[in-house]
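As provided, protein01.txt (compact mmCIF, C-alpha atoms and all ligand atoms) reads as follows.
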```txt
# COMPACT_ATOMS: atom_id res chain seq x y z
CA MET A 23 -76.40 32.58 -10.88
CA PRO A 24 -78.05 34.34 -7.87
CA LEU A 25 -79.10 32.02 -5.08
CA SER A 26 -82.76 32.99 -5.51
CA GLN A 27 -82.73 31.54 -9.02
CA ARG A 28 -81.14 28.24 -8.02
CA THR A 29 -83.13 25.16 -7.05
CA THR A 30 -81.78 23.17 -4.12
CA LEU A 31 -82.31 19.42 -3.86
CA THR A 32 -84.71 20.11 -0.98
CA GLN A 33 -86.77 22.54 -3.08
CA PHE A 34 -86.82 20.08 -5.97
CA LEU A 35 -88.07 17.28 -3.72
CA ILE A 36 -90.74 19.49 -2.15
CA GLU A 37 -91.99 20.46 -5.61
CA GLN A 38 -92.11 16.80 -6.65
CA ARG A 39 -94.00 15.97 -3.48
CA ARG A 40 -96.69 18.57 -4.20
CA ARG A 41 -97.80 16.27 -7.02
CA HIS A 42 -98.66 13.68 -4.35
CA PRO A 43 -100.66 15.55 -1.71
CA SER A 44 -101.05 12.39 0.39
CA ALA A 45 -97.28 11.83 0.69
CA SER A 46 -96.03 11.98 4.27
CA GLY A 47 -92.64 13.54 3.54
CA ASP A 48 -90.80 10.40 4.70
CA PHE A 49 -89.57 9.69 1.22
CA ASN A 50 -88.10 13.17 0.80
CA ALA A 51 -86.47 12.99 4.19
CA LEU A 52 -84.91 9.66 3.20
CA VAL A 53 -83.49 11.06 -0.05
CA LEU A 54 -82.03 14.00 1.89
CA ASP A 55 -80.40 11.61 4.37
CA VAL A 56 -78.89 9.70 1.45
CA ALA A 57 -77.65 13.02 0.02
CA LEU A 58 -76.08 13.84 3.39
CA ALA A 59 -74.20 10.52 3.37
CA CYS A 60 -72.96 11.33 -0.14
CA LYS A 61 -71.77 14.78 0.95
CA ALA A 62 -69.86 13.22 3.84
CA ILE A 63 -68.28 10.64 1.50
CA ALA A 64 -67.38 13.42 -0.95
CA ARG A 65 -65.47 15.15 1.86
CA SER A 66 -63.58 11.98 2.80
CA VAL A 67 -62.72 11.30 -0.84
CA ALA A 68 -61.58 14.91 -1.36
CA PHE A 69 -59.00 14.75 1.43
CA GLY A 70 -57.36 11.74 -0.23
CA ALA A 71 -53.96 10.88 1.15
CA LEU A 72 -54.16 13.82 3.59
CA GLY A 73 -57.19 12.23 5.27
CA GLY A 74 -55.38 8.94 5.82
CA VAL A 75 -58.22 7.18 4.03
CA LEU A 76 -56.45 5.60 1.06
CA GLY A 77 -55.39 1.98 0.80
CA ALA A 78 -56.77 -1.32 1.93
CA GLN A 79 -58.54 -2.04 5.20
CA ALA A 80 -56.16 -4.52 6.80
CA GLY A 81 -57.53 -8.05 6.76
CA SER A 82 -60.96 -7.07 5.50
CA ILE A 83 -62.66 -9.02 2.71
CA ASN A 84 -66.27 -8.38 1.68
CA VAL A 85 -68.93 -10.95 0.81
CA GLN A 86 -67.78 -10.84 -2.83
CA GLY A 87 -64.36 -12.07 -1.72
CA GLU A 88 -62.91 -8.67 -2.62
CA GLU A 89 -60.43 -6.80 -0.49
CA GLN A 90 -62.16 -3.83 1.15
CA LYS A 91 -60.55 -0.42 0.90
CA LYS A 92 -60.57 1.85 3.92
CA LEU A 93 -62.89 4.18 2.03
CA ASP A 94 -65.30 1.31 1.29
CA VAL A 95 -65.65 0.71 5.00
CA ILE A 96 -65.90 4.42 5.88
CA SER A 97 -68.49 5.06 3.15
CA ASN A 98 -70.59 2.13 4.25
CA GLN A 99 -70.55 3.42 7.81
CA LEU A 100 -71.54 6.91 6.65
CA PHE A 101 -74.50 5.50 4.70
CA VAL A 102 -75.63 3.48 7.70
CA SER A 103 -75.32 6.27 10.24
CA ALA A 104 -76.98 8.90 8.03
CA ASN A 105 -79.96 6.65 7.33
CA GLU A 106 -80.63 4.42 10.33
CA TRP A 107 -82.08 6.99 12.73
CA GLY A 108 -84.75 8.79 10.67
CA GLY A 109 -87.63 6.34 10.99
CA HIS A 110 -88.06 6.05 7.21
CA LEU A 111 -86.38 2.70 6.71
CA ALA A 112 -87.35 -0.88 7.45
CA GLY A 113 -83.82 -2.05 6.60
CA MET A 114 -80.76 -1.61 4.43
CA ALA A 115 -78.56 -3.80 2.28
CA SER A 116 -75.11 -2.93 0.99
CA GLU A 117 -72.35 -4.38 -1.12
CA GLU A 118 -70.16 -4.15 1.96
CA MET A 119 -72.47 -6.08 4.33
CA ASP A 120 -73.02 -9.82 3.95
CA GLU A 121 -76.49 -9.72 5.52
CA PRO A 122 -79.26 -7.07 5.53
CA TYR A 123 -78.90 -4.37 8.16
CA ASN A 124 -81.72 -4.13 10.66
CA ILE A 125 -82.63 -0.74 12.08
CA PRO A 126 -81.51 -0.77 15.75
CA SER A 127 -84.38 -0.98 18.21
CA ILE A 128 -83.66 2.50 19.62
CA TYR A 129 -84.94 3.99 16.33
CA PRO A 130 -88.39 3.78 14.74
CA ARG A 131 -88.80 1.65 11.62
CA GLY A 132 -90.40 2.87 8.40
CA LYS A 133 -91.73 1.63 5.09
CA TYR A 134 -88.73 1.82 2.76
CA LEU A 135 -85.72 -0.35 1.99
CA LEU A 136 -82.41 1.24 1.02
CA VAL A 137 -79.95 -0.73 -1.06
CA PHE A 138 -76.54 0.73 -1.89
CA ASP A 139 -73.02 0.34 -3.11
CA PRO A 140 -71.38 2.93 -0.87
CA LEU A 141 -68.26 3.33 -3.01
CA ASP A 142 -68.29 2.01 -6.54
CA GLY A 143 -65.08 1.76 -8.52
CA SER A 144 -62.89 1.11 -5.50
CA SER A 145 -59.92 0.15 -7.67
CA ASN A 146 -59.75 3.84 -8.62
CA ILE A 147 -59.59 5.28 -5.11
CA ASP A 148 -55.84 5.09 -4.71
CA VAL A 149 -55.15 6.54 -8.16
CA ASN A 150 -57.39 9.59 -7.74
CA VAL A 151 -59.85 8.69 -10.49
CA SER A 152 -63.60 9.30 -10.11
CA VAL A 153 -65.56 6.97 -7.85
CA GLY A 154 -69.20 7.08 -6.81
CA SER A 155 -72.02 5.81 -4.59
CA ILE A 156 -75.09 4.07 -6.01
CA PHE A 157 -78.44 3.69 -4.27
CA SER A 158 -81.89 2.25 -4.83
CA ILE A 159 -85.06 2.77 -2.80
CA LEU A 160 -87.70 0.03 -2.62
CA ARG A 161 -90.93 -0.27 -0.69
CA ALA A 162 -90.70 -2.83 2.11
CA PRO A 163 -93.13 -5.77 1.87
CA GLN A 164 -96.42 -4.93 3.59
CA ASP A 165 -95.95 -7.46 6.40
CA VAL A 166 -92.61 -5.86 7.28
CA ILE A 167 -94.29 -2.45 7.48
CA ASP A 168 -97.24 -3.80 9.51
CA SER A 169 -95.22 -5.89 11.94
CA GLY A 170 -91.98 -3.92 12.15
CA ARG A 171 -90.17 -7.28 12.07
CA ASP A 172 -86.50 -7.65 11.17
CA VAL A 173 -85.83 -7.71 7.45
CA THR A 174 -84.44 -10.73 5.63
CA ALA A 175 -82.64 -10.99 2.30
CA ALA A 176 -85.89 -12.18 0.69
CA ASP A 177 -87.52 -8.79 1.40
CA PHE A 178 -85.02 -7.12 -0.95
CA LEU A 179 -85.47 -9.56 -3.85
CA GLN A 180 -87.70 -7.28 -5.90
CA PRO A 181 -87.30 -6.71 -9.65
CA GLY A 182 -85.82 -3.36 -10.62
CA CYS A 183 -89.10 -2.14 -12.11
CA GLN A 184 -90.39 -1.89 -8.52
CA GLN A 185 -87.77 0.69 -7.51
CA LEU A 186 -89.33 3.92 -6.24
CA ALA A 187 -86.18 5.91 -6.76
CA ALA A 188 -82.57 5.38 -7.69
CA GLY A 189 -79.50 7.47 -8.14
CA TYR A 190 -75.82 7.90 -7.71
CA ALA A 191 -73.32 10.40 -6.43
CA LEU A 192 -70.24 10.93 -8.54
CA TYR A 193 -67.09 12.11 -6.77
CA GLY A 194 -65.27 13.59 -9.75
CA PRO A 195 -63.81 17.01 -10.50
CA SER A 196 -67.14 18.19 -9.10
CA THR A 197 -69.49 16.16 -6.91
CA MET A 198 -72.86 15.43 -8.46
CA LEU A 199 -76.00 13.68 -7.34
CA VAL A 200 -78.04 12.21 -10.17
CA LEU A 201 -81.49 11.11 -9.16
CA SER A 202 -84.74 9.72 -10.46
CA VAL A 203 -87.88 9.53 -8.38
CA GLY A 204 -89.72 8.14 -11.41
CA THR A 205 -90.19 11.49 -13.15
CA GLY A 206 -87.15 11.60 -15.39
CA VAL A 207 -83.53 11.99 -14.36
CA HIS A 208 -82.19 15.15 -12.76
CA GLY A 209 -78.63 16.09 -11.92
CA PHE A 210 -77.53 18.23 -8.97
CA THR A 211 -74.07 19.70 -8.48
CA LEU A 212 -72.63 20.15 -5.00
CA ASP A 213 -71.73 23.75 -4.25
CA PRO A 214 -68.63 23.20 -2.12
CA ASN A 215 -68.99 26.59 -0.43
CA LEU A 216 -72.55 26.04 0.73
CA GLY A 217 -72.44 22.25 1.05
CA GLU A 218 -75.71 22.14 -0.88
CA PHE A 219 -76.77 20.26 -4.01
CA PHE A 220 -78.27 22.54 -6.67
CA LEU A 221 -80.21 21.44 -9.73
CA SER A 222 -77.74 21.85 -12.60
CA HIS A 223 -78.89 19.23 -15.14
CA PRO A 224 -82.69 19.05 -15.27
CA ASP A 225 -84.36 16.32 -17.29
CA ILE A 226 -81.32 14.46 -18.58
CA ARG A 227 -81.90 12.41 -21.75
CA VAL A 228 -79.53 9.81 -23.15
CA PRO A 229 -78.76 10.75 -26.75
CA GLU A 230 -80.29 8.15 -29.11
CA GLU A 231 -77.31 7.71 -31.38
CA THR A 232 -73.75 7.10 -30.32
CA GLN A 233 -70.27 6.35 -31.58
CA GLU A 234 -68.75 5.45 -28.22
CA PHE A 235 -68.63 2.12 -26.41
CA ALA A 236 -67.15 1.00 -23.09
CA ILE A 237 -66.03 -2.52 -22.30
CA ASN A 238 -63.08 -4.14 -20.56
CA ALA A 239 -61.45 -5.62 -23.66
CA SER A 240 -59.01 -7.70 -21.61
CA ASN A 241 -61.93 -10.10 -21.09
CA SER A 242 -62.54 -10.56 -24.82
CA ARG A 243 -61.48 -14.21 -24.85
CA PHE A 244 -64.32 -14.97 -22.41
CA TRP A 245 -67.06 -13.06 -24.27
CA GLU A 246 -70.03 -14.78 -25.78
CA LEU A 247 -70.36 -14.56 -29.56
CA PRO A 248 -73.06 -11.83 -29.73
CA VAL A 249 -70.79 -9.53 -27.70
CA LYS A 250 -67.76 -10.37 -29.83
CA ARG A 251 -69.81 -9.62 -32.92
CA TYR A 252 -70.97 -6.26 -31.58
CA VAL A 253 -67.49 -5.12 -30.53
CA ASP A 254 -65.93 -6.41 -33.72
CA GLU A 255 -68.38 -4.37 -35.75
CA CYS A 256 -67.59 -1.24 -33.71
CA LEU A 257 -63.85 -1.80 -34.19
CA ALA A 258 -64.29 -2.30 -37.92
CA GLY A 259 -65.43 1.34 -38.04
CA LYS A 260 -66.24 3.04 -41.33
CA THR A 261 -65.17 0.08 -43.39
CA GLY A 262 -67.31 -2.40 -41.45
CA PRO A 263 -71.06 -3.07 -41.38
CA ARG A 264 -71.73 -0.09 -39.09
CA GLY A 265 -70.26 2.33 -41.63
CA LYS A 266 -68.92 4.69 -38.95
CA ASP A 267 -65.95 4.94 -36.64
CA PHE A 268 -66.37 4.31 -32.91
CA ASN A 269 -64.40 5.56 -29.94
CA MET A 270 -63.77 3.44 -26.84
CA ARG A 271 -63.56 4.39 -23.14
CA TRP A 272 -63.01 2.35 -19.97
CA ILE A 273 -62.81 4.12 -16.61
CA ALA A 274 -63.50 1.04 -14.44
CA SER A 275 -65.92 3.10 -12.31
CA MET A 276 -69.40 2.21 -13.48
CA VAL A 277 -70.85 5.39 -11.98
CA ALA A 278 -68.49 7.51 -14.06
CA GLU A 279 -69.30 5.52 -17.20
CA ALA A 280 -73.04 5.83 -16.52
CA HIS A 281 -72.63 9.55 -16.04
CA ARG A 282 -70.73 9.99 -19.29
CA ILE A 283 -73.44 8.04 -21.10
CA LEU A 284 -76.22 10.14 -19.55
CA MET A 285 -74.37 13.27 -20.62
CA ARG A 286 -73.29 12.42 -24.17
CA GLY A 287 -74.55 8.95 -25.05
CA GLY A 288 -72.70 5.71 -25.55
CA VAL A 289 -73.05 2.12 -24.54
CA PHE A 290 -71.53 0.21 -21.61
CA LEU A 291 -71.09 -3.53 -21.52
CA TYR A 292 -70.02 -5.75 -18.66
CA PRO A 293 -71.63 -8.80 -20.20
CA ARG A 294 -72.13 -12.29 -18.93
CA ASP A 295 -69.07 -14.20 -20.04
CA MET A 296 -67.60 -17.68 -19.97
CA ARG A 297 -64.83 -17.12 -17.45
CA ASP A 298 -66.54 -18.68 -14.45
CA PRO A 299 -69.99 -20.27 -14.79
CA THR A 300 -70.69 -19.59 -11.10
CA LYS A 301 -70.41 -15.82 -11.75
CA PRO A 302 -72.77 -14.80 -14.53
CA GLY A 303 -71.31 -11.33 -14.95
CA ARG A 304 -69.29 -9.02 -12.74
CA LEU A 305 -71.73 -6.37 -11.58
CA ARG A 306 -74.27 -6.77 -8.83
CA LEU A 307 -77.96 -6.74 -9.70
CA LEU A 308 -79.54 -5.06 -6.70
CA TYR A 309 -77.22 -2.16 -6.02
CA GLU A 310 -75.42 -1.63 -9.33
CA ALA A 311 -77.41 -2.88 -12.33
CA ASN A 312 -80.92 -2.05 -11.11
CA PRO A 313 -80.37 1.56 -10.02
CA VAL A 314 -78.34 2.38 -13.13
CA GLY A 315 -80.94 0.54 -15.24
CA PHE A 316 -83.72 2.62 -13.68
CA LEU A 317 -81.85 5.86 -14.45
CA MET A 318 -81.15 4.80 -18.04
CA GLU A 319 -84.76 3.89 -18.72
CA GLN A 320 -85.99 7.08 -17.07
CA ALA A 321 -83.62 9.05 -19.31
CA GLY A 322 -84.88 7.38 -22.50
CA GLY A 323 -82.00 4.91 -22.74
CA ARG A 324 -82.12 1.17 -22.18
CA ALA A 325 -80.59 -1.39 -19.81
CA SER A 326 -80.50 -5.10 -20.42
CA THR A 327 -78.81 -8.36 -19.63
CA GLY A 328 -78.49 -8.74 -23.40
CA ARG A 329 -81.40 -11.16 -23.23
CA GLU A 330 -84.04 -9.28 -21.26
CA PRO A 331 -84.56 -5.84 -19.72
CA ILE A 332 -82.54 -5.63 -16.54
CA LEU A 333 -85.52 -4.20 -14.67
CA HIS A 334 -87.55 -7.37 -15.35
CA VAL A 335 -85.05 -9.75 -13.76
CA GLN A 336 -86.38 -11.45 -10.62
CA PRO A 337 -83.47 -11.39 -8.17
CA THR A 338 -82.60 -14.65 -6.45
CA SER A 339 -80.01 -13.48 -3.95
CA LEU A 340 -78.87 -10.27 -2.29
CA HIS A 341 -75.42 -10.11 -3.85
CA GLN A 342 -76.34 -11.70 -7.18
CA ARG A 343 -74.17 -10.82 -10.17
CA ILE A 344 -75.48 -10.26 -13.65
CA GLY A 345 -74.40 -9.36 -17.17
CA LEU A 346 -75.22 -5.72 -17.88
CA VAL A 347 -75.49 -3.62 -21.02
CA PHE A 348 -76.83 -0.08 -20.88
CA GLY A 349 -76.89 3.22 -22.69
CA SER A 350 -78.23 4.61 -25.93
CA LYS A 351 -81.40 2.77 -26.81
CA SER A 352 -80.61 1.81 -30.38
CA GLU A 353 -77.25 0.29 -29.44
CA VAL A 354 -78.65 -1.75 -26.55
CA GLU A 355 -81.46 -2.97 -28.81
CA ARG A 356 -78.89 -3.97 -31.41
CA ILE A 357 -76.95 -5.98 -28.79
CA GLU A 358 -80.20 -7.65 -27.69
CA ARG A 359 -80.92 -8.51 -31.32
CA TYR A 360 -77.48 -10.09 -31.68
CA HIS A 361 -78.27 -12.26 -28.67
CA ARG A 362 -81.50 -13.41 -30.34
CA GLU A 363 -80.07 -13.99 -33.81
CA PRO A 364 -78.04 -17.10 -34.52
CA THR A 365 -74.47 -15.75 -34.51
CA PRO A 366 -72.48 -16.30 -37.66
CA ILE A 367 -69.53 -18.46 -36.66
CA LYS A 368 -68.34 -19.87 -39.95
CA ASP A 369 -64.78 -19.09 -40.96
CA ASP A 370 -65.95 -17.53 -44.18
CA ASN A 371 -67.87 -14.88 -42.27
CA PRO A 372 -65.82 -11.68 -42.37
CA LEU A 373 -66.51 -10.91 -38.72
CA PHE A 374 -65.17 -14.10 -37.26
CA GLY A 375 -62.94 -15.28 -40.03
CA GLU A 376 -59.18 -15.20 -40.40
CA ARG A 377 -58.90 -11.44 -40.11
CA SER A 378 -61.25 -10.87 -37.17
CA LEU A 379 -59.71 -9.00 -34.28
CA PHE A 380 -61.58 -11.13 -31.79
CA ARG A 381 -61.28 -14.47 -33.49
CA ASP A 382 -61.26 -17.41 -31.03
O1 LIG B 1 -67.60 -3.12 -8.67
C1 LIG B 1 -67.78 -2.74 -9.86
C2 LIG B 1 -66.70 -2.02 -10.65
O2 LIG B 1 -65.73 -1.36 -9.89
C3 LIG B 1 -67.40 -1.07 -11.60
O3 LIG B 1 -67.54 0.21 -11.11
C4 LIG B 1 -66.56 -1.14 -12.83
O4 LIG B 1 -67.31 -0.92 -13.99
C5 LIG B 1 -66.00 -2.54 -12.79
O5 LIG B 1 -66.05 -2.98 -11.45
C6 LIG B 1 -64.58 -2.60 -13.29
O6 LIG B 1 -64.22 -3.90 -13.46
P1 LIG B 1 -62.81 -4.34 -14.11
O7 LIG B 1 -61.79 -4.15 -13.04
O8 LIG B 1 -63.02 -5.76 -14.48
O9 LIG B 1 -62.56 -3.46 -15.28
```
Mind converting the file's structure to C-alpha cells?
Ligand code: F6P
Amino acid sequence: MPLSQRTTLTQFLIEQRRRHPSASGDFNALVLDVALACKAIARSVAFGALGGVLGAQAGSINVQGEEQKKLDVISNQLFVSANEWGGHLAGMASEEMDEPYNIPSIYPRGKYLLVFDPLDGSSNIDVNVSVGSIFSILRAPQDVIDSGRDVTAADFLQPGCQQLAAGYALYGPSTMLVLSVGTGVHGFTLDPNLGEFFLSHPDIRVPEETQEFAINASNSRFWELPVKRYVDECLAGKTGPRGKDFNMRWIASMVAEAHRILMRGGVFLYPRDMRDPTKPGRLRLLYEANPVGFLMEQAGGRASTGREPILHVQPTSLHQRIGLVFGSKSEVERIERYHREPTPIKDDNPLFGERSLFRD
C-alpha cells in the first residue's frame, strides 16, 4: 500500500485528539514515548542470542520472587528512560520494580501515571516464542498533579474502569502495538524498514462465539469447581452439554493469548485456585489483568475474576495477583454463571462422576 494511504500511529493519535479540542497533546506524546520503548524492546528481542540478551540476570529476583531475565531488566530500563523525561508523567510502576518510580527532579512532572509489565511471558524468551509488553495509563490523583509530590503505591490503586488507555506490544513474527484510548481497539504493525507503526487492524472486535479455550491444565487439581465444570464441558465436546468440539491452546505469554483472542475469539483462564491461599491467582491486577481487561471490554469481549468484572475490582496493593478470565463475551458470562450457580458435586453427576476427566 502506498505510504500516502497508510495511517501512522502519530496520525491516528492526532485524529483522535481532534475530538477533544481542549487536549494539550501530553497524552499523545506519552503514548508515542511508550511506542518508542516498545520499538526499542522489539529490536533487543529480535537480536536474540546474537544480542547477548538471553538468559537470567545473575542474582536478580523481582518483587514477585521470580528470577529476572536479562531482557526483563533491559525492557524495564527502556520503558523508564523513554518515559521519564517528557513531562507527561507523575510516576510509573512496573512488575520489575518493587516500589513506584518517581520522576527524577531534573525533569518536569505531569498528570499521568504509567503502569507496565515491560516483558510479559518471560519464560518464553529463551525459546524464541512470542513475548510482549503491557501498559496502562491512569490519571494521577489531583493532589499529586497540584503539588508535584512524589507518588506512592496508593496513588496507583485505581480500579481498571478508570484507565484512560491501555495496550500491549506483541513481539511475534511481526511486532504489533494494540491500543485503546477508550474508542475501541486498534492494531498497528511495525514496518521494520521505516521503524514506524502503521494502522493495520482498525476497530478490532472479539468474535462473540468461540470453540477455543486456553488454560494451563497442569493446575487442574487446584482449580475451583466452577472452572473444573467449564473445562470438563469443553473437553466433553460434541457429546457433552455444549454439543460442540473445542480446541485448546496454551502459549504461556498472556499477550500472545490476548492477541489471538482479539483476532479470532476464544477464552483465556488463569483462575483463582486453591494452590496457595496467599496468592489468589497468578496474574497481576494492575499491569496485566486491568489493561487486557480494558482492551477486551473495548473490543466487545469481557474480562472477569469469575465473580465480578475485572475492571470493577478495587486494587489493594501494587503487585496484587488476581484470578482472570477473558475473551468472547458469551463464554466469560457462562463461566461467571458457573461461579454463581451451586456446582453439582454429587458422584451421580456425569460431569464430576466416575468418568470425569477432572474428577478430584
Ligand atoms: O507473568 C505472567 C505469565 O508469563 C503470562 O504471560 C502467562 O499467561 C503466564 O504467566 C504463564 O504461566 P504458567 O507458567 O503457569 O503457564
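Nearest residue to A:Ala188, choosing from A:Met270, A:Val314, A:Ile357, A:Ile83 and counting all atoms listed in the file: A:Val314.
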Checklist entry - Quick one: residues within 6 Å of ligand LIG 1 (chain B), with all atoms listed in the file, as a list in words? => result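 The residues within 6 Å of ligand LIG 1 (chain B), counting all atoms listed in the file, are Asp142, Gly143, Ser144, Asn238, Ala274, Ser275, Met276 and Leu305 of chain A.
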Next on the checklist: At a cut-off of 12 Å, using all atoms listed in the file, what residues contact A:Arg39? Leave out same-chain residues fewer than 2 positions from it and give the result as an MDAnalysis selection string.
Outcome noted: chainID A and resid 32:37 41:51 203:205
Store the residues picked out above in a file with C-alpha atoms, as a PDB file, in the coordinates of the input.
```pdb
ATOM      1  CA  THR A  32     -84.710  20.110  -0.980  1.00  0.00           C
ATOM      2  CA  GLN A  33     -86.770  22.540  -3.080  1.00  0.00           C
ATOM      3  CA  PHE A  34     -86.820  20.080  -5.970  1.00  0.00           C
ATOM      4  CA  LEU A  35     -88.070  17.280  -3.720  1.00  0.00           C
ATOM      5  CA  ILE A  36     -90.740  19.490  -2.150  1.00  0.00           C
ATOM      6  CA  GLU A  37     -91.990  20.460  -5.610  1.00  0.00           C
ATOM      7  CA  ARG A  41     -97.800  16.270  -7.020  1.00  0.00           C
ATOM      8  CA  HIS A  42     -98.660  13.680  -4.350  1.00  0.00           C
ATOM      9  CA  PRO A  43    -100.660  15.550  -1.710  1.00  0.00           C
ATOM     10  CA  SER A  44    -101.050  12.390   0.390  1.00  0.00           C
ATOM     11  CA  ALA A  45     -97.280  11.830   0.690  1.00  0.00           C
ATOM     12  CA  SER A  46     -96.030  11.980   4.270  1.00  0.00           C
ATOM     13  CA  GLY A  47     -92.640  13.540   3.540  1.00  0.00           C
ATOM     14  CA  ASP A  48     -90.800  10.400   4.700  1.00  0.00           C
ATOM     15  CA  PHE A  49     -89.570   9.690   1.220  1.00  0.00           C
ATOM     16  CA  ASN A  50     -88.100  13.170   0.800  1.00  0.00           C
ATOM     17  CA  ALA A  51     -86.470  12.990   4.190  1.00  0.00           C
ATOM     18  CA  VAL A 203     -87.880   9.530  -8.380  1.00  0.00           C
ATOM     19  CA  GLY A 204     -89.720   8.140 -11.410  1.00  0.00           C
ATOM     20  CA  THR A 205     -90.190  11.490 -13.150  1.00  0.00           C
TER      21      THR A 205
END
```
Item to check | atom CA of A:Glu118 to atom CA of A:Val85, straight-line distance in Å | outcome: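 About the pair atom CA of A:Val85 and atom CA of A:Glu118: they are 7.0 Å apart.
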Next on the checklist: Nearest residue to A:Ile283 out of A:Lys266, A:Lys250, A:Arg306, A:Arg227, using all atoms listed in the file?
Outcome noted: A:Arg227
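From atom CA of A:Ser158 back to atom CA of A:Leu93, the distance works out to 20.3 Å.
Relative to atom CA of A:Ser116, atom CA of A:Ala57 is found at 16.2 Å.
The shell of residues at most 10 Å from A:Val277, with only C-alpha atoms counted and near chain neighbours (fewer than 3 positions) removed, consists of Leu141, Asp142, Gly143, Ser152, Val153, Gly154, Ser155, Ile156, Gly189, Tyr190, Ala191, Leu192, Tyr193, Ile273, Ala274, Ala280, His281, Arg282, Ile283, Glu310 and Val314 of chain A.
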